[in-house]
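**Student:** Contents of run-v1.txt (compact mmCIF, C-alpha atoms and all ligand atoms):
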```txt
# COMPACT_ATOMS: atom_id res chain seq x y z
CA MET A 1 0.00 0.00 0.00
CA TRP A 2 2.95 2.29 0.63
CA ASN A 3 6.09 1.82 -1.42
CA ALA A 4 9.48 2.79 -0.03
CA ALA A 5 9.55 6.19 -1.81
CA GLU A 6 6.04 7.09 -0.57
CA LYS A 7 6.84 6.09 2.98
CA THR A 8 10.07 8.11 2.88
CA ALA A 9 8.16 11.12 1.47
CA PHE A 10 5.64 10.82 4.32
CA LEU A 11 8.37 10.62 6.97
CA GLU A 12 10.23 13.61 5.50
CA GLN A 13 7.33 15.89 4.63
CA GLY A 14 5.03 14.86 7.50
CA TYR A 15 2.02 14.22 5.26
CA TYR A 16 0.97 12.02 2.35
CA HIS A 17 -1.99 12.36 -0.02
CA ALA A 18 -3.34 8.93 -0.99
CA PRO A 19 -5.86 8.87 -3.85
CA ALA A 20 -8.99 6.68 -3.97
CA VAL A 21 -8.78 5.02 -0.58
CA LEU A 22 -12.54 4.60 -1.02
CA SER A 23 -14.29 4.42 -4.39
CA GLY A 24 -17.49 3.36 -6.15
CA LYS A 25 -20.22 1.68 -4.11
CA TYR A 26 -18.07 1.55 -0.98
CA LEU A 27 -17.59 5.33 -1.07
CA GLU A 28 -21.33 5.82 -1.56
CA ALA A 29 -22.11 3.51 1.39
CA VAL A 30 -19.72 5.45 3.65
CA GLN A 31 -21.15 8.80 2.53
CA ALA A 32 -24.68 7.55 3.32
CA ALA A 33 -23.57 6.16 6.69
CA PHE A 34 -21.91 9.48 7.55
CA ASP A 35 -25.16 11.37 6.95
CA GLN A 36 -27.23 8.85 8.88
CA VAL A 37 -24.91 8.72 11.90
CA TRP A 38 -24.53 12.50 11.99
CA GLU A 39 -28.32 12.77 12.04
CA THR A 40 -29.04 10.04 14.59
CA GLU A 41 -26.05 10.45 16.96
CA GLY A 42 -25.61 14.22 16.73
CA PRO A 43 -22.31 16.09 17.02
CA PRO A 44 -19.73 15.69 18.38
CA VAL A 45 -19.40 12.26 16.77
CA ASN A 46 -16.43 10.41 18.27
CA GLN A 47 -15.33 6.78 18.62
CA LEU A 48 -17.93 6.01 21.30
CA LYS A 49 -20.66 6.78 18.78
CA LEU A 50 -19.01 5.61 15.55
CA LEU A 51 -18.02 2.22 16.88
CA LYS A 52 -21.67 1.24 17.26
CA HIS A 53 -22.20 1.24 13.49
CA PRO A 54 -21.10 -1.61 11.17
CA VAL A 55 -19.83 0.62 8.33
CA PHE A 56 -17.61 2.54 10.74
CA ILE A 57 -16.50 -0.57 12.65
CA ASP A 58 -15.34 -2.12 9.36
CA LEU A 59 -13.61 1.06 8.18
CA ILE A 60 -10.92 0.93 10.88
CA GLU A 61 -9.60 -2.25 9.22
CA HIS A 62 -9.88 -1.02 5.62
CA PRO A 63 -6.55 -2.17 4.13
CA PRO A 64 -5.59 1.04 2.24
CA ILE A 65 -5.78 2.86 5.58
CA LEU A 66 -4.65 0.21 8.04
CA GLU A 67 -1.76 -1.13 5.96
CA ARG A 68 -0.22 2.35 5.76
CA GLN A 69 -0.58 2.80 9.50
CA ARG A 70 0.91 -0.64 10.10
CA ALA A 71 3.86 0.27 7.88
CA ILE A 72 4.77 2.79 10.60
CA PHE A 73 3.52 1.23 13.85
CA GLY A 74 3.64 -2.46 12.91
CA HIS A 75 1.83 -4.83 15.27
CA GLN A 76 1.62 -2.02 17.84
CA THR A 77 -0.99 -0.09 15.81
CA GLN A 78 -3.89 1.16 17.90
CA LEU A 79 -6.89 3.36 17.11
CA LEU A 80 -6.58 6.37 19.42
CA GLN A 81 -9.58 8.39 18.30
CA TYR A 82 -12.19 8.39 15.55
CA ASP A 83 -14.33 11.40 14.61
CA LEU A 84 -16.60 12.89 12.02
CA LEU A 85 -16.32 16.57 11.18
CA ARG A 86 -18.88 18.35 9.07
CA GLN A 87 -19.18 21.96 7.99
CA GLY A 88 -22.52 23.07 6.61
CA PRO A 89 -22.94 25.35 3.58
CA HIS A 90 -21.46 28.85 3.78
CA SER A 91 -19.70 28.13 7.05
CA ASN A 92 -18.34 30.94 9.18
CA THR A 93 -15.36 29.06 10.65
CA PRO A 94 -12.02 30.94 10.48
CA GLU A 95 -10.09 30.52 7.23
CA ARG A 96 -7.29 28.84 9.23
CA SER A 97 -6.99 27.26 12.70
CA TRP A 98 -3.34 26.20 12.91
CA HIS A 99 -2.44 23.57 15.47
CA ARG A 100 -0.57 20.34 16.12
CA ASP A 101 -2.63 17.36 17.28
CA PHE A 102 0.33 15.97 19.20
CA ALA A 103 3.67 17.40 20.21
CA PHE A 104 6.59 15.43 21.59
CA PRO A 105 10.30 15.82 20.82
CA GLY A 106 11.49 13.65 17.93
CA ASP A 107 10.98 13.30 14.17
CA TYR A 108 9.38 9.88 14.01
CA PRO A 109 5.57 9.76 14.19
CA LEU A 110 4.01 8.59 17.44
CA SER A 111 0.53 9.02 16.02
CA ILE A 112 -0.90 9.62 12.56
CA ASN A 113 -4.26 11.05 11.62
CA THR A 114 -5.99 9.77 8.49
CA ILE A 115 -8.31 12.42 7.08
CA LEU A 116 -10.73 10.70 4.72
CA TYR A 117 -12.65 13.15 2.53
CA LEU A 118 -16.22 12.57 1.40
CA ASP A 119 -16.49 15.80 -0.63
CA GLU A 120 -14.22 17.40 -3.20
CA MET A 121 -11.76 19.68 -1.44
CA THR A 122 -11.61 22.69 -3.72
CA ALA A 123 -10.26 26.09 -2.67
CA GLU A 124 -13.88 27.12 -1.99
CA ARG A 125 -14.66 24.08 0.18
CA GLY A 126 -11.68 24.82 2.42
CA PRO A 127 -9.03 22.14 1.93
CA THR A 128 -6.73 20.89 4.64
CA PHE A 129 -3.57 23.01 4.87
CA VAL A 130 -0.22 21.69 6.08
CA VAL A 131 3.24 23.17 6.55
CA PRO A 132 5.51 20.43 5.15
CA GLY A 133 8.36 19.53 7.51
CA SER A 134 6.83 21.32 10.51
CA HIS A 135 6.41 18.00 12.38
CA ARG A 136 10.06 18.31 13.44
CA GLY A 137 10.93 20.00 16.71
CA THR A 138 8.49 21.25 19.31
CA ALA A 139 7.54 24.74 18.07
CA GLN A 140 3.84 25.52 17.95
CA PRO A 141 2.36 27.58 15.08
CA PRO A 142 2.72 31.33 15.75
CA VAL A 143 -0.17 32.48 17.95
CA GLU A 144 -0.53 35.83 16.17
CA GLN A 145 -1.03 34.02 12.83
CA ARG A 146 -3.25 31.26 14.19
CA HIS A 147 -6.15 32.24 11.93
CA GLN A 148 -4.17 33.46 8.94
CA PRO A 149 -2.51 31.82 5.93
CA LEU A 150 1.19 31.00 6.49
CA ALA A 151 3.84 31.69 3.83
CA ASP A 152 4.97 28.06 3.57
CA GLU A 153 1.55 26.40 3.78
CA LEU A 154 0.34 23.91 1.21
CA ALA A 155 -3.31 23.11 0.38
CA VAL A 156 -4.30 19.47 -0.12
CA TYR A 157 -6.87 19.36 -2.92
CA ALA A 158 -8.49 15.97 -2.44
CA GLN A 159 -11.22 14.11 -4.32
CA PRO A 160 -14.04 12.29 -2.50
CA GLY A 161 -12.56 9.00 -1.29
CA ASP A 162 -9.00 10.33 -1.04
CA ALA A 163 -7.18 10.39 2.28
CA VAL A 164 -4.35 12.45 3.64
CA PHE A 165 -2.13 10.85 6.27
CA ILE A 166 -0.58 13.42 8.57
CA ASN A 167 2.08 12.98 11.18
CA SER A 168 0.00 14.36 14.04
CA ALA A 169 2.84 16.72 15.00
CA ILE A 170 2.61 18.63 11.70
CA TRP A 171 1.23 22.16 11.72
CA HIS A 172 -2.12 21.84 9.99
CA SER A 173 -5.48 23.50 9.65
CA GLY A 174 -8.87 22.83 8.15
CA GLY A 175 -10.20 25.45 5.72
CA CYS A 176 -13.55 27.24 5.63
CA ASN A 177 -16.37 25.91 3.47
CA THR A 178 -17.77 28.80 1.41
CA THR A 179 -19.71 26.53 -0.98
CA GLY A 180 -23.42 25.75 -0.86
CA GLY A 181 -22.64 22.08 -0.11
CA LEU A 182 -21.24 20.12 2.80
CA ARG A 183 -17.61 19.62 3.86
CA ARG A 184 -17.47 16.10 5.34
CA GLY A 185 -14.43 14.31 6.68
CA ILE A 186 -13.75 11.15 8.68
CA TYR A 187 -10.74 11.24 11.03
CA LEU A 188 -9.16 7.88 11.86
CA TYR A 189 -6.39 8.57 14.31
CA TYR A 190 -3.91 5.75 15.03
CA GLY A 191 -0.75 5.49 17.08
CA TYR A 192 1.36 3.19 19.19
CA TRP A 193 -0.40 0.66 21.40
CA TRP A 194 1.37 1.99 24.49
CA LEU A 195 -0.28 5.41 24.14
CA LYS A 196 -3.59 5.81 25.96
CA ARG A 197 -6.61 5.95 23.69
CA TYR A 198 -8.83 8.99 23.93
CA GLU A 199 -11.73 8.21 26.30
CA PHE A 200 -9.76 5.21 27.61
CA ASP A 201 -11.73 5.48 30.85
CA ARG A 202 -15.07 4.84 29.17
CA PRO A 203 -16.25 1.48 27.81
CA LEU A 204 -16.13 0.86 24.09
CA PRO A 205 -19.48 0.13 22.42
CA TRP A 206 -20.33 -3.57 22.69
CA GLN A 207 -21.05 -3.66 18.95
CA ALA A 208 -17.35 -3.11 18.21
CA LEU A 209 -16.32 -6.03 20.40
CA GLN A 210 -18.96 -8.53 19.28
CA ASN A 211 -17.42 -11.17 16.97
CA ALA A 212 -14.25 -9.09 16.81
CA GLY A 213 -11.17 -10.80 15.44
CA GLU A 214 -7.67 -10.55 16.86
CA GLN A 215 -6.73 -7.56 14.69
CA ARG A 216 -9.73 -5.46 15.70
CA LEU A 217 -9.27 -6.24 19.39
CA ARG A 218 -5.68 -5.08 19.15
CA LEU A 219 -6.66 -1.93 17.27
CA LEU A 220 -9.14 -1.11 20.01
CA GLY A 221 -6.52 -1.54 22.71
CA VAL A 222 -8.37 -4.50 24.23
CA LYS A 223 -5.95 -7.27 23.31
CA MET A 224 -2.27 -6.74 23.78
CA PRO A 225 0.03 -7.42 20.82
CA ALA A 226 1.90 -10.66 21.30
CA TRP A 227 5.31 -9.01 21.13
CA ASP A 228 7.37 -6.78 23.35
CA LEU A 229 5.70 -3.36 23.31
CA HIS A 230 8.90 -1.42 23.74
CA GLN A 231 10.79 -2.48 20.64
CA TYR A 232 10.69 -0.63 17.35
CA THR A 233 9.70 -3.28 14.81
CA PRO A 234 7.64 -1.50 12.15
CA ASP A 235 7.38 -4.39 9.71
CA ALA A 236 6.13 -7.00 12.15
O1 LIG A 301 -10.59 19.07 8.54
C1 LIG A 301 -9.42 19.33 8.30
O2 LIG A 301 -9.03 19.62 7.17
C2 LIG A 301 -8.39 19.32 9.41
C3 LIG A 301 -8.97 18.94 10.73
C4 LIG A 301 -7.99 19.05 11.84
O3 LIG A 301 -7.39 20.04 11.99
C5 LIG A 301 -7.77 17.97 12.77
O4 LIG A 301 -8.33 16.90 12.60
O5 LIG A 301 -6.98 18.14 13.72
```
Could the structure of this file be written out as structure tokens, please?

**Tutor:**
Amino acid sequence: MWNAAEKTAFLEQGYYHAPAVLSGKYLEAVQAAFDQVWETEGPPVNQLKLLKHPVFIDLIEHPPILERQRAIFGHQTQLLQYDLLRQGPHSNTPERSWHRDFAFPGDYPLSINTILYLDEMTAERGPTFVVPGSHRGTAQPPVEQRHQPLADELAVYAQPGDAVFINSAIWHSGGCNTTGGLRRGIYLYYGYWWLKRYEFDRPLPWQALQNAGEQRLRLLGVKMPAWDLHQYTPDA
């Protein structure tokens, strides 16, 4: 799923745009499930809500997503958080909201967000912006420019079904949707098994555990990987 050059580009730049992670009928099913869950569960929609629904339970093991995460975290891959974000038409969110999801000294990713787009990310729909290479070091985006474009930013223009993988330490921002349509994204956030999941103190939905195989139980932090957790073995 990730050849050596792509993986190197991701590690160096801090982000990677993967086309057509979802397509055809599968994309349509996920788009429909997004709308239904948003309606029935209500925002904020996080893992405790998403992991009740079969389409979203299955998505955490979708090979074009999981295999890329496993190329970094190996058998220690865990799902840390899982969200839906949705901007309605003509949104009034700021044009930028720069932040890092995670900050810890070191270049190598400890967690990676997968942003899976359900709508075309044009300039008007407010694409994701990243500052390539900014995952290195510990500096936060400048406070005085938090809501402004940055000189070295890059917009990720994605098609529905594309995903961008971001080292969660990278400076990034969502854009503002000025179109008459929706801006819908699914955020599958993975990291090392030895990190605590978000909401680790609350029970996971029983639906996610029912008939779950070994891989899913590990992803959910329920079953410990069979190997030493403190060794770096990305290809295991
Ligand atoms: O929606 C986006 O483009 C980015 C969202 C974001 O900033 C985040 O998930 O931390």

**Student:** Pick from A:Val30, A:Leu110, A:Ile170, A:Ala123: nearest to Thr138 of chain A, with only C-alpha atoms counted?

**Tutor:**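 Residue with the minimum atom-to-atom distance to Thr138 of chain A: A:Ile170.
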
**Student:** Which polymer residues, whether protein, DNA or RNA, lie within 10 Å of the coordinate (-21.1, 20.0, 3.4) when you count all atoms listed in the file? List them as a list in words, using the chain letters and numbers from the file.

**Tutor:**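 Output: Leu85, Arg86, Gln87, Gly88, Pro89, His90, Ser91, Leu118, Asp119, Glu120, Arg125, Asn177, Thr178, Thr179, Gly180, Gly181, Leu182, Arg183, Arg184 and Gly185 of chain A.
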
**Student:** How would you write as a PyMOL selection string the residues that get within 8 Å of (-5.9, 25.0, 0.8) in the file's frame, counting all atoms listed in the file?

**Tutor:** chain A and resi 122-123+126-129+154-157+175

**Student:** Please identify all polymer residues within 8 Å of Arg96 of chain A, counting only C-alpha atoms, omitting same-chain residues fewer than 5 positions from it, and present them as a PyMOL selection string.

**Tutor:** chain A and resi 146-149+173-176

**Student:** Would you work out the distance separating atom CA of Glu28 of chain A from atom CA of Pro160 of chain A, expressed in Å to one decimal?

**Tutor:** 9.8 Å

**Student:** I'd like to know which of A:Lys52, A:Leu22, A:Val130, A:Gln47 is closest to Gln210 of chain A, using all atoms listed in the file.

**Tutor:**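 Using all atoms listed in the file, the shortest distance to Gln210 of chain A belongs to A:Lys52.
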
**Student:** Which one is closest to ligand LIG 301 (chain A): A:Gly74, A:Pro94, A:Pro205, A:Pro19? Count all atoms listed in the file.

**Tutor:**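 Result for the nearest residue to ligand LIG 301 (chain A): A:Pro94.
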
**Student:** Tell me, as a PyMOL selection string, which residues lie within 8 Å of Ala18 of chain A, counting all atoms listed in the file; anything in the same chain fewer than 5 positions away does not count.

**Tutor:** chain A and resi 162-165

**Student:** Of the candidates A:Ala20, A:Trp38, A:Pro43, A:Pro132, which shows the shortest atom-to-atom distance to Ala158 of chain A, using only C-alpha atoms?

**Tutor:** A:Ala20

**Student:** Measure the distance from atom CA of Ile186 of chain A to atom CA of Gly221 of chain A in Å and round it to one decimal.

**Tutor:**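 Straight-line distance from atom CA of Ile186 of chain A to atom CA of Gly221 of chain A works out to 20.3 Å.
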
**Student:** Calculated over all atoms listed in the file, which of the candidates A:Glu12, A:Glu214, A:Glu199, A:Glu41 has the smallest distance to His75 of chain A?

**Tutor:**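 Closest to His75 of chain A, using all atoms listed in the file: A:Glu214.
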
**Student:** Determine the nearest neighbour of Ala169 of chain A from the options A:Trp2, A:Tyr232, A:Phe34, A:Tyr108, counting only C-alpha atoms.

**Tutor:**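 For Ala169 of chain A, the nearest of the given residues is A:Tyr108.
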